[in-house]
$ cat final_23.csv   # CSV, C-alpha atoms
chain,number,residue,atom,x,y,z
A,1,MET,CA,-9.3,0.1,-16.1
A,2,ASN,CA,-8.9,1.9,-19.3
A,3,LEU,CA,-5.3,3.0,-20.1
A,4,GLU,CA,-6.3,4.7,-23.3
A,5,TRP,CA,-7.2,8.1,-21.9
A,6,SER,CA,-5.9,11.1,-23.9
A,7,ASP,CA,-3.9,14.0,-22.7
A,8,LEU,CA,-7.1,16.0,-22.4
A,9,HIS,CA,-8.4,13.5,-19.8
A,10,TYR,CA,-5.2,13.9,-17.8
A,11,ASP,CA,-5.3,17.7,-18.0
A,12,VAL,CA,-8.9,17.7,-16.8
A,13,LEU,CA,-8.0,15.4,-13.8
A,14,LYS,CA,-5.0,17.6,-13.1
A,15,GLU,CA,-7.0,20.7,-13.1
A,16,VAL,CA,-9.7,19.2,-10.9
A,17,GLY,CA,-7.0,18.0,-8.6
A,18,ASN,CA,-5.4,21.4,-8.6
A,19,ILE,CA,-8.6,23.2,-7.5
A,20,GLY,CA,-9.4,20.5,-4.9
A,21,ALA,CA,-5.9,20.7,-3.5
A,22,GLY,CA,-6.0,24.5,-3.4
A,23,ASN,CA,-9.1,24.2,-1.3
A,24,ALA,CA,-7.5,21.7,0.9
A,25,ALA,CA,-4.4,23.8,1.3
A,26,THR,CA,-6.5,26.8,2.4
A,27,ALA,CA,-8.2,24.7,5.0
A,28,LEU,CA,-4.9,23.3,6.3
A,29,ALA,CA,-3.4,26.8,6.5
A,30,ALA,CA,-6.4,28.0,8.6
A,31,LEU,CA,-6.0,25.0,10.9
A,32,LEU,CA,-2.3,25.4,11.4
A,33,ASN,CA,-2.2,29.2,11.2
A,34,GLU,CA,0.7,28.7,8.9
A,35,GLN,CA,1.3,29.4,5.2
A,36,ILE,CA,1.0,26.3,3.2
A,37,LYS,CA,2.7,25.8,-0.1
A,38,MET,CA,1.2,23.3,-2.5
A,39,GLN,CA,2.9,21.6,-5.4
A,40,VAL,CA,1.0,21.3,-8.7
A,41,PRO,CA,-0.7,18.0,-8.5
A,42,GLN,CA,0.7,15.1,-10.4
A,43,VAL,CA,-1.6,12.7,-12.2
A,44,ILE,CA,0.4,9.5,-12.7
A,45,TRP,CA,0.2,5.9,-13.6
A,46,LEU,CA,2.6,3.9,-11.6
A,47,PRO,CA,3.5,0.2,-11.6
A,48,LEU,CA,2.2,-1.2,-8.3
A,49,GLY,CA,5.7,-2.0,-7.1
A,50,GLU,CA,7.0,1.6,-7.5
A,51,VAL,CA,4.4,3.5,-5.4
A,52,SER,CA,6.2,3.1,-2.1
A,53,ASN,CA,9.4,4.4,-3.7
A,54,ARG,CA,7.7,7.7,-4.1
A,55,LEU,CA,7.4,7.9,-0.3
A,56,GLY,CA,11.0,7.2,0.3
A,57,GLY,CA,11.0,3.4,0.2
A,58,ALA,CA,8.8,0.6,1.4
A,59,GLU,CA,10.3,0.5,4.9
A,60,GLU,CA,10.1,4.2,5.6
A,61,ALA,CA,8.0,4.9,8.7
A,62,VAL,CA,4.9,6.8,7.8
A,63,VAL,CA,1.5,7.8,9.1
A,64,GLY,CA,-1.3,7.0,6.7
A,65,VAL,CA,-4.9,8.3,7.1
A,66,LEU,CA,-7.3,6.4,4.9
A,67,LEU,CA,-10.8,7.4,3.9
A,68,ASP,CA,-13.2,5.5,1.8
A,69,VAL,CA,-15.4,7.8,-0.3
A,70,GLU,CA,-18.9,6.9,-1.2
A,71,SER,CA,-20.1,8.3,-4.5
A,72,LYS,CA,-21.4,7.4,-7.9
A,73,ALA,CA,-17.7,7.4,-8.5
A,74,PRO,CA,-16.3,5.7,-5.4
A,75,CYS,CA,-12.7,6.5,-4.5
A,76,THR,CA,-10.2,6.0,-1.7
A,77,ILE,CA,-8.2,8.8,-0.3
A,78,LEU,CA,-4.9,8.2,1.4
A,79,VAL,CA,-3.0,11.0,3.1
A,80,VAL,CA,0.6,10.0,4.0
A,81,PHE,CA,2.9,11.9,6.3
A,82,PRO,CA,6.5,10.7,6.8
A,83,LEU,CA,6.6,9.9,10.6
A,84,GLN,CA,9.0,12.7,11.6
A,85,ARG,CA,6.9,15.3,9.7
A,86,ALA,CA,3.7,14.1,11.4
A,87,LEU,CA,5.4,14.6,14.8
A,88,LEU,CA,6.2,18.2,13.9
A,89,LEU,CA,2.7,18.7,12.7
A,90,LEU,CA,1.5,17.5,16.1
A,91,ASP,CA,3.8,20.0,17.8
A,92,ILE,CA,2.2,22.8,15.8
A,93,LEU,CA,-1.3,21.6,16.5
A,94,PHE,CA,-0.8,21.2,20.2
A,95,ASN,CA,1.3,24.4,20.6
A,96,LYS,CA,4.4,22.6,21.7
A,97,PRO,CA,8.0,23.4,21.0
A,98,LEU,CA,9.1,21.9,17.7
A,99,GLY,CA,10.7,18.5,18.2
A,100,GLU,CA,8.9,17.7,21.5
A,101,SER,CA,6.5,15.0,20.2
A,102,ASP,CA,8.3,11.7,19.9
A,103,CYS,CA,5.4,9.2,19.4
A,104,ILE,CA,1.9,9.2,18.1
A,105,ASP,CA,-0.4,8.6,21.1
A,106,GLU,CA,-4.2,8.3,21.0
A,107,MET,CA,-4.7,12.1,21.0
A,108,GLY,CA,-2.1,12.6,18.3
A,109,ALA,CA,-3.7,9.9,16.2
A,110,SER,CA,-7.1,11.5,16.3
A,111,ALA,CA,-5.7,14.9,15.6
A,112,LEU,CA,-4.0,13.5,12.5
A,113,GLN,CA,-7.2,11.7,11.5
A,114,GLU,CA,-8.9,15.1,11.7
A,115,VAL,CA,-6.2,16.7,9.5
A,116,GLY,CA,-6.8,13.9,6.9
A,117,ASN,CA,-10.5,14.5,7.2
A,118,ILE,CA,-10.2,18.2,6.6
A,119,LEU,CA,-7.9,17.8,3.6
A,120,ALA,CA,-10.2,15.2,2.1
A,121,GLY,CA,-13.4,17.1,2.9
A,122,SER,CA,-12.3,20.3,1.2
A,123,TYR,CA,-10.8,18.4,-1.7
A,124,LEU,CA,-14.1,16.5,-2.3
A,125,THR,CA,-16.2,19.6,-1.9
A,126,SER,CA,-14.5,21.1,-4.9
A,127,LEU,CA,-14.6,17.8,-6.8
A,128,ASN,CA,-18.3,17.7,-6.1
A,129,SER,CA,-18.9,21.2,-7.4
A,130,PHE,CA,-17.5,20.2,-10.7
A,131,THR,CA,-19.0,16.8,-11.1
A,132,GLY,CA,-22.1,16.7,-9.0
A,133,LEU,CA,-21.3,13.1,-8.2
A,134,GLY,CA,-21.9,13.6,-4.4
A,135,PHE,CA,-18.7,12.5,-2.7
A,136,ILE,CA,-19.2,11.5,0.9
A,137,PRO,CA,-16.1,10.7,2.9
A,138,MET,CA,-16.4,7.9,5.5
A,139,VAL,CA,-14.8,8.0,9.0
A,140,PRO,CA,-11.0,7.9,8.5
A,141,ALA,CA,-8.8,5.2,9.8
A,142,ILE,CA,-5.1,5.6,10.7
A,143,ALA,CA,-2.0,3.4,10.6
A,144,VAL,CA,1.5,4.2,11.6
A,145,ASP,CA,3.9,1.7,10.0
A,146,MET,CA,6.2,0.9,7.0
A,147,ALA,CA,5.2,2.8,3.9
A,148,GLY,CA,4.8,-0.5,1.9
A,149,ALA,CA,2.4,-2.0,4.5
A,150,VAL,CA,0.3,1.2,4.8
A,151,LEU,CA,-0.1,1.4,1.0
A,152,ASP,CA,-0.7,-2.2,0.0
A,153,TYR,CA,-4.4,-2.4,1.0
A,154,VAL,CA,-5.1,0.5,-1.4
A,155,LEU,CA,-3.0,-1.0,-4.1
A,156,ALA,CA,-4.5,-4.5,-3.7
A,157,GLU,CA,-7.9,-3.1,-4.6
A,158,PHE,CA,-6.5,-1.7,-7.7
A,159,GLY,CA,-4.2,-4.6,-8.4
A,160,GLN,CA,-7.3,-6.8,-8.9
A,161,VAL,CA,-7.8,-5.2,-12.3
A,162,ALA,CA,-4.5,-3.5,-13.2
A,163,ASP,CA,-0.8,-3.7,-12.9
A,164,GLN,CA,-0.6,0.0,-12.6
A,165,VAL,CA,-2.4,2.4,-10.3
A,166,LEU,CA,-3.6,5.9,-11.0
A,167,LEU,CA,-2.6,8.4,-8.4
A,168,ILE,CA,-3.5,12.0,-8.1
A,169,GLU,CA,-0.7,13.1,-5.9
A,170,THR,CA,-0.3,16.5,-4.2
A,171,GLU,CA,2.4,17.6,-1.9
A,172,PHE,CA,1.7,20.1,0.8
A,173,LEU,CA,4.6,22.1,2.4
A,174,ALA,CA,4.5,24.1,5.6
A,175,LEU,CA,7.1,25.8,7.8
A,176,GLY,CA,9.7,26.2,5.0
A,177,GLU,CA,9.1,22.7,3.7
A,178,GLU,CA,9.7,21.0,7.1
A,179,ILE,CA,6.3,19.5,6.9
A,180,TYR,CA,5.0,17.8,3.9
A,181,SER,CA,2.4,15.3,3.1
A,182,TYR,CA,1.3,13.3,0.1
A,183,PHE,CA,-2.3,13.2,-0.9
A,184,PHE,CA,-3.5,10.3,-3.0
A,185,LEU,CA,-6.8,10.1,-4.7
A,186,VAL,CA,-7.3,6.6,-6.0
A,187,PRO,CA,-10.5,6.1,-8.1
A,188,LYS,CA,-12.0,2.6,-7.8
A,189,SER,CA,-12.8,0.5,-10.8
A,190,ASP,CA,-15.3,2.4,-12.9
A,191,ALA,CA,-15.1,5.7,-11.0
A,192,LEU,CA,-12.8,7.4,-13.6
A,193,GLU,CA,-15.3,6.9,-16.3
A,194,ALA,CA,-18.1,8.4,-14.2
A,195,ILE,CA,-15.9,11.4,-13.3
A,196,PHE,CA,-15.0,12.0,-17.0
A,197,ALA,CA,-18.6,11.7,-18.1
A,198,ALA,CA,-19.7,14.1,-15.4
A,199,LEU,CA,-17.1,16.6,-16.6
A,200,GLY,CA,-18.2,16.3,-20.2
A,201,VAL,CA,-15.1,14.5,-21.5
A,202,GLY,CA,-16.5,11.0,-21.5
A,203,HIS,CA,-15.6,8.5,-24.2
A,204,THR,CA,-18.7,8.4,-26.2
B,1,MET,CA,29.1,-10.5,3.0
B,2,LYS,CA,26.0,-12.4,1.8
B,3,GLU,CA,24.3,-11.1,-1.3
B,4,THR,CA,20.8,-9.9,-0.6
B,5,GLN,CA,18.3,-9.9,-3.4
B,6,ARG,CA,15.2,-7.7,-3.0
B,7,VAL,CA,11.8,-8.9,-4.0
B,8,GLY,CA,9.3,-6.1,-4.9
B,9,MET,CA,5.6,-6.0,-4.3
B,10,ALA,CA,3.7,-8.5,-6.5
B,11,ASP,CA,7.0,-10.1,-7.5
B,12,LEU,CA,9.0,-13.3,-6.7
B,13,ALA,CA,12.6,-14.6,-6.8
B,14,VAL,CA,14.6,-17.7,-6.3
B,15,ALA,CA,18.1,-18.0,-4.9
B,16,SER,CA,20.5,-20.6,-3.6
B,17,ALA,CA,23.0,-20.6,-0.7
B,18,PRO,CA,24.5,-18.4,0.5
B,19,GLU,CA,22.2,-15.7,-1.0
B,20,VAL,CA,19.5,-14.0,1.1
B,21,LEU,CA,16.0,-13.1,-0.3
B,22,MET,CA,14.2,-10.1,1.2
B,23,THR,CA,10.9,-8.3,0.8
B,24,ILE,CA,10.0,-5.1,2.5
B,25,GLY,CA,6.8,-3.6,3.9
B,26,LEU,CA,4.3,-6.4,3.9
B,27,GLY,CA,0.9,-5.2,5.1
B,28,SER,CA,-2.1,-7.2,3.8
B,29,CYS,CA,0.3,-8.8,1.3
B,30,ILE,CA,2.0,-12.1,2.3
B,31,GLY,CA,5.6,-13.1,2.0
B,32,VAL,CA,5.7,-16.8,1.1
B,33,ALA,CA,9.1,-18.4,1.6
B,34,LEU,CA,9.6,-21.9,0.2
B,35,TYR,CA,12.8,-23.9,1.0
B,36,ASP,CA,14.5,-27.1,-0.1
B,37,SER,CA,17.1,-27.9,2.6
B,38,ILE,CA,18.8,-30.6,0.6
B,39,VAL,CA,19.9,-28.4,-2.3
B,40,ARG,CA,19.6,-25.2,-0.2
B,41,VAL,CA,17.4,-23.4,-2.7
B,42,GLY,CA,14.9,-20.9,-1.5
B,43,GLY,CA,12.1,-18.9,-3.1
B,44,LEU,CA,10.2,-15.9,-1.9
B,45,ALA,CA,7.0,-14.4,-3.3
B,46,HIS,CA,5.3,-11.1,-2.3
B,47,VAL,CA,1.7,-12.1,-2.9
B,48,MET,CA,-0.9,-9.3,-3.1
B,49,LEU,CA,-4.2,-10.9,-3.9
B,50,PRO,CA,-5.8,-14.4,-3.4
B,51,LYS,CA,-7.1,-15.3,-6.8
B,52,SER,CA,-6.4,-14.4,-10.4
B,53,ASN,CA,-9.5,-13.8,-12.5
B,54,GLY,CA,-9.2,-15.5,-15.7
B,55,PRO,CA,-6.5,-17.1,-17.8
B,56,LEU,CA,-4.9,-13.9,-19.0
B,57,VAL,CA,-2.7,-12.8,-16.1
B,58,SER,CA,-0.1,-10.2,-17.0
B,59,ASN,CA,1.7,-10.6,-13.7
B,60,PRO,CA,1.3,-14.1,-12.2
B,61,ALA,CA,3.5,-13.1,-9.2
B,62,LYS,CA,0.6,-10.9,-7.9
B,63,PHE,CA,-1.9,-13.7,-7.2
B,64,ALA,CA,-1.6,-16.6,-4.8
B,65,ASP,CA,-3.0,-19.2,-7.2
B,66,THR,CA,-0.5,-18.2,-10.0
B,67,ALA,CA,2.5,-17.1,-8.0
B,68,LEU,CA,3.0,-20.3,-6.1
B,69,PRO,CA,3.1,-22.7,-9.1
B,70,LEU,CA,5.5,-20.3,-10.8
B,71,LEU,CA,7.7,-20.1,-7.8
B,72,ILE,CA,7.9,-23.8,-7.5
B,73,ARG,CA,8.7,-24.2,-11.2
B,74,LYS,CA,11.5,-21.6,-10.9
B,75,MET,CA,12.9,-23.4,-7.9
B,76,GLY,CA,12.8,-26.6,-9.8
B,77,ASP,CA,15.1,-25.0,-12.4
B,78,GLN,CA,17.7,-24.6,-9.7
B,79,GLY,CA,17.4,-28.2,-8.5
B,80,ALA,CA,14.7,-28.0,-5.8
B,81,GLN,CA,12.1,-30.8,-5.6
B,82,LYS,CA,8.6,-30.1,-4.7
B,83,GLN,CA,8.2,-33.0,-2.2
B,84,ARG,CA,11.1,-31.6,-0.2
B,85,LEU,CA,9.7,-28.1,0.1
B,86,THR,CA,8.6,-26.5,3.4
B,87,ALA,CA,6.8,-23.2,3.7
B,88,LYS,CA,7.1,-20.2,6.0
B,89,LEU,CA,4.6,-17.3,5.9
B,90,ALA,CA,4.5,-13.7,7.1
B,91,GLY,CA,2.1,-10.8,6.6
B,92,GLY,CA,-1.6,-10.8,6.0
B,93,ALA,CA,-2.3,-7.9,8.4
B,94,GLN,CA,-5.3,-5.6,8.4
B,95,MET,CA,-3.5,-2.2,8.6
B,96,PHE,CA,-6.6,0.0,8.8
B,97,LYS,CA,-9.7,-0.4,11.0
B,98,LEU,CA,-12.5,1.1,9.1
B,99,GLU,CA,-16.0,1.2,10.5
B,100,ARG,CA,-17.5,-0.9,7.9
B,101,ALA,CA,-15.3,-3.9,7.3
B,102,THR,CA,-16.1,-4.8,3.7
B,103,ASP,CA,-14.7,-7.9,2.0
B,104,THR,CA,-11.8,-5.9,0.5
B,105,MET,CA,-10.8,-4.8,4.0
B,106,ARG,CA,-10.2,-8.4,4.9
B,107,ILE,CA,-7.8,-8.8,2.0
B,108,GLY,CA,-5.0,-9.9,4.3
B,109,ALA,CA,-7.1,-12.7,5.8
B,110,ARG,CA,-8.3,-13.8,2.4
B,111,ASN,CA,-4.7,-13.9,1.1
B,112,LEU,CA,-3.7,-16.1,3.9
B,113,GLU,CA,-6.7,-18.5,3.4
B,114,ALA,CA,-5.9,-18.8,-0.3
B,115,ILE,CA,-2.2,-19.6,0.3
B,116,VAL,CA,-2.8,-22.0,3.2
B,117,GLU,CA,-5.4,-23.8,1.1
B,118,TRP,CA,-3.1,-24.1,-1.9
B,119,LEU,CA,-0.2,-25.3,0.1
B,120,GLU,CA,-2.3,-28.0,1.8
B,121,LYS,CA,-3.6,-29.2,-1.5
B,122,GLU,CA,-0.1,-29.4,-2.9
B,123,ARG,CA,1.1,-31.1,0.4
B,124,ILE,CA,3.7,-28.6,1.2
B,125,PRO,CA,3.9,-28.3,5.0
B,126,ILE,CA,3.7,-24.9,6.6
B,127,VAL,CA,6.4,-25.1,9.3
B,128,ALA,CA,6.1,-21.6,10.7
B,129,GLN,CA,4.1,-18.4,10.3
B,130,ASP,CA,3.8,-14.9,11.7
B,131,THR,CA,0.6,-13.5,10.2
B,132,GLY,CA,-2.4,-11.2,11.0
B,133,GLY,CA,-2.4,-8.3,13.4
B,134,ASN,CA,-2.4,-4.7,12.2
B,135,TRP,CA,1.3,-4.1,11.6
B,136,GLY,CA,3.7,-4.2,8.7
B,137,ARG,CA,6.5,-6.7,8.3
B,138,THR,CA,9.8,-7.0,6.5
B,139,VAL,CA,11.1,-10.5,5.9
B,140,LYS,CA,14.4,-12.2,4.9
B,141,LEU,CA,14.9,-15.8,3.8
B,142,ASP,CA,18.4,-17.1,4.4
B,143,THR,CA,19.0,-19.8,1.8
B,144,GLU,CA,22.0,-21.1,3.8
B,145,ASN,CA,19.7,-22.7,6.5
B,146,GLY,CA,16.1,-21.7,5.6
B,147,ASP,CA,15.9,-19.2,8.5
B,148,PHE,CA,13.1,-16.7,8.0
B,149,LEU,CA,13.6,-13.4,9.8
B,150,VAL,CA,10.6,-11.2,10.4
B,151,ARG,CA,11.2,-7.6,11.3
B,152,THR,CA,8.6,-5.0,12.4
B,153,ILE,CA,8.7,-1.4,13.6
B,154,ALA,CA,6.9,-1.8,16.9
B,155,HIS,CA,6.4,-5.5,17.4
B,156,GLY,CA,10.0,-6.8,17.6
B,157,GLU,CA,11.9,-9.2,15.5
B,158,LYS,CA,11.4,-13.0,15.1
B,159,ARG,CA,13.4,-15.8,13.6
B,160,LEU,CA,11.1,-18.5,12.3

$ encode --input "final_23.csv" --output "structure tokens"
Amino acid sequence: MNLEWSDLHYDVLKEVGNIGAGNAATALAALLNEQIKMQVPQVIWLPLGEVSNRLGGAEEAVVGVLLDVESKAPCTILVVFPLQRALLLLDILFNKPLGESDCIDEMGASALQEVGNILAGSYLTSLNSFTGLGFIPMVPAIAVDMAGAVLDYVLAEFGQVADQVLLIETEFLALGEEIYSYFFLVPKSDALEAIFAALGVGHT
Amino acid sequence: MKETQRVGMADLAVASAPEVLMTIGLGSCIGVALYDSIVRVGGLAHVMLPKSNGPLVSNPAKFADTALPLLIRKMGDQGAQKQRLTAKLAGGAQMFKLERATDTMRIGARNLEAIVEWLEKERIPIVAQDTGGNWGRTVKLDTENGDFLVRTIAHGEKRL
């Protein structure tokens, strides 16, 4: 993993992330029939140990939806909802009074997987239109557990080659910020180079 | 009040009685607790990957094959002796069930294999373990008596 990318590279990633996330927010708004606010995506290098702090601590209960993405630039997408926020999201999806859902049953799990799928799909559609690298999301998997435990599989893959991980992180806010989620795009080993080359900002 | 020292992901620490060592949110990672009951010195590593690749390792605490020797050396500095050490393990889960289980998916199982193999080679007995499954774990090593407390969200609490 090359740490010597310039500001230009980060700006390009941020812009691609921005457009992808905008697409995803539109899809989410249509699904929930709610206005979605989106924070400007952050492109950050984080030491491995600090990633779970961004989600409120390693023991915080979260819902993680993970998708492997096949491409010439393979990536992993992880959508993380704090547990309480995911329960509110389910109330909205199933037309229940807010606060009624108190656990994630099988139906809830598949609904949240579908939300992850929709976010990832619209994000990747836009990434694909810029790069032509053909991103194909695989079937999502879900885990409801401590943030540290949900994250460490994704981090381990990165940890093989680096002590820091690159995250393209977007926060989505709905219902006056009562619902938010984190969207992480984690490029695998040589994927970044392929993405930059396709965007015309390669190293050579 | 006992002092509790936190060990981060891909990190390790050593403490002596009455201090407590703790690491949070183990998924596919493994918490390796070593203990010398004579001098009451304990060590805890939050191991992320089975094997380092090459001699230049910037963070030895990340890999099983480099974290464990370092942990034992640091415990030695506080008076622990290798032949008296016992090991307790927790973690090594597979958090996500993806359709195609690639080798990286099995990272928890591979971590466990590497750690067990290393401990056997070094003749350090594994006296207890709570590993595998698909849930996260938080662990605490009490250096007063070597107790290893494993806490989960939905799978109860165990004292090993």

$ interface_residues --input "final_23.csv" --of "chain A" --to "chain B" --cutoff "10 Å" --atoms "only C-alpha atoms" --output "MDAnalysis selection string"
chainID A and resid 47:52 57:61 64:68 138:157 159:163

$ atom_distance --input "final_23.csv" --atom1 "atom CA of B:Asn145" --atom2 "atom CA of B:Leu12"
19.4 Å

$ closest_residue --input "final_23.csv" --among "B:Ile30, B:Val139, B:Ala90, B:Ala109" --to "B:His46" --atoms "only C-alpha atoms"
B:Ile30

$ residues_around --input "final_23.csv" --residues "A:Ser181" --least-positions-apart "2" --cutoff "9 Å" --atoms "all atoms listed in the file" --output "count of residues only"
12

$ residues_around --input "final_23.csv" --residues "A:Asn128" --least-positions-apart "6" --cutoff "12 Å" --atoms "only C-alpha atoms" --output "list in words"
Val16, Gly17, Ile19, Gly20, Val69, Glu70, Ser71, Lys72, Ala73, Ala120, Gly121, Ser122, Gly134, Phe135, Ile136, Pro137, Ile195, Ala198 and Leu199 of chain A

$ residues_near_point --input "final_23.csv" --point "(12.4, -12.9, -2.7)" --cutoff "9 Å" --atoms "only C-alpha atoms" --output "MDAnalysis selection string"
chainID B and resid 5:8 11:15 20:23 31:33 42:46 140:141

$ decode --input "final_23.csv" --residues "stretch 128-140 of chain A" --atoms "N, CA and C atoms" --output "JSON list (two decimals), in the first residue's frame"
[["chain", "number", "residue", "atom", "x", "y", "z"],
["A", 128, "ASN", "N", -18.46, 3.24, -10.93],
["A", 128, "ASN", "CA", -18.25, 2.55, -12.20],
["A", 128, "ASN", "C", -18.34, 3.51, -13.38],
["A", 129, "SER", "N", -19.24, 4.48, -13.31],
["A", 129, "SER", "CA", -19.39, 5.40, -14.44],
["A", 129, "SER", "C", -18.14, 6.28, -14.59],
["A", 130, "PHE", "N", -17.41, 6.47, -13.51],
["A", 130, "PHE", "CA", -16.17, 7.25, -13.59],
["A", 130, "PHE", "C", -14.98, 6.43, -14.05],
["A", 131, "THR", "N", -14.95, 5.18, -13.60],
["A", 131, "THR", "CA", -13.73, 4.40, -13.78],
["A", 131, "THR", "C", -13.87, 3.30, -14.82],
["A", 132, "GLY", "N", -15.10, 2.85, -15.06],
["A", 132, "GLY", "CA", -15.30, 1.73, -15.98],
["A", 132, "GLY", "C", -14.67, 0.43, -15.48],
["A", 133, "LEU", "N", -14.45, 0.34, -14.17],
["A", 133, "LEU", "CA", -13.76, -0.84, -13.65],
["A", 133, "LEU", "C", -14.72, -2.00, -13.32],
["A", 134, "GLY", "N", -16.00, -1.80, -13.56],
["A", 134, "GLY", "CA", -16.95, -2.89, -13.40],
["A", 134, "GLY", "C", -17.06, -3.44, -12.00],
["A", 135, "PHE", "N", -17.67, -2.68, -11.11],
["A", 135, "PHE", "CA", -17.81, -3.13, -9.72],
["A", 135, "PHE", "C", -19.06, -3.98, -9.55],
["A", 136, "ILE", "N", -18.88, -5.20, -9.07],
["A", 136, "ILE", "CA", -20.03, -6.08, -8.86],
["A", 136, "ILE", "C", -20.13, -6.45, -7.38],
["A", 137, "PRO", "N", -21.15, -5.94, -6.69],
["A", 137, "PRO", "CA", -21.28, -6.29, -5.27],
["A", 137, "PRO", "C", -21.78, -7.71, -5.09],
["A", 138, "MET", "N", -21.17, -8.44, -4.18],
["A", 138, "MET", "CA", -21.60, -9.81, -3.86],
["A", 138, "MET", "C", -22.74, -9.75, -2.85],
["A", 139, "VAL", "N", -23.34, -10.90, -2.57],
["A", 139, "VAL", "CA", -24.45, -10.95, -1.62],
["A", 139, "VAL", "C", -23.96, -10.47, -0.24],
["A", 140, "PRO", "N", -24.70, -9.55, 0.39],
["A", 140, "PRO", "CA", -24.23, -9.02, 1.66],
["A", 140, "PRO", "C", -24.37, -10.01, 2.82]]
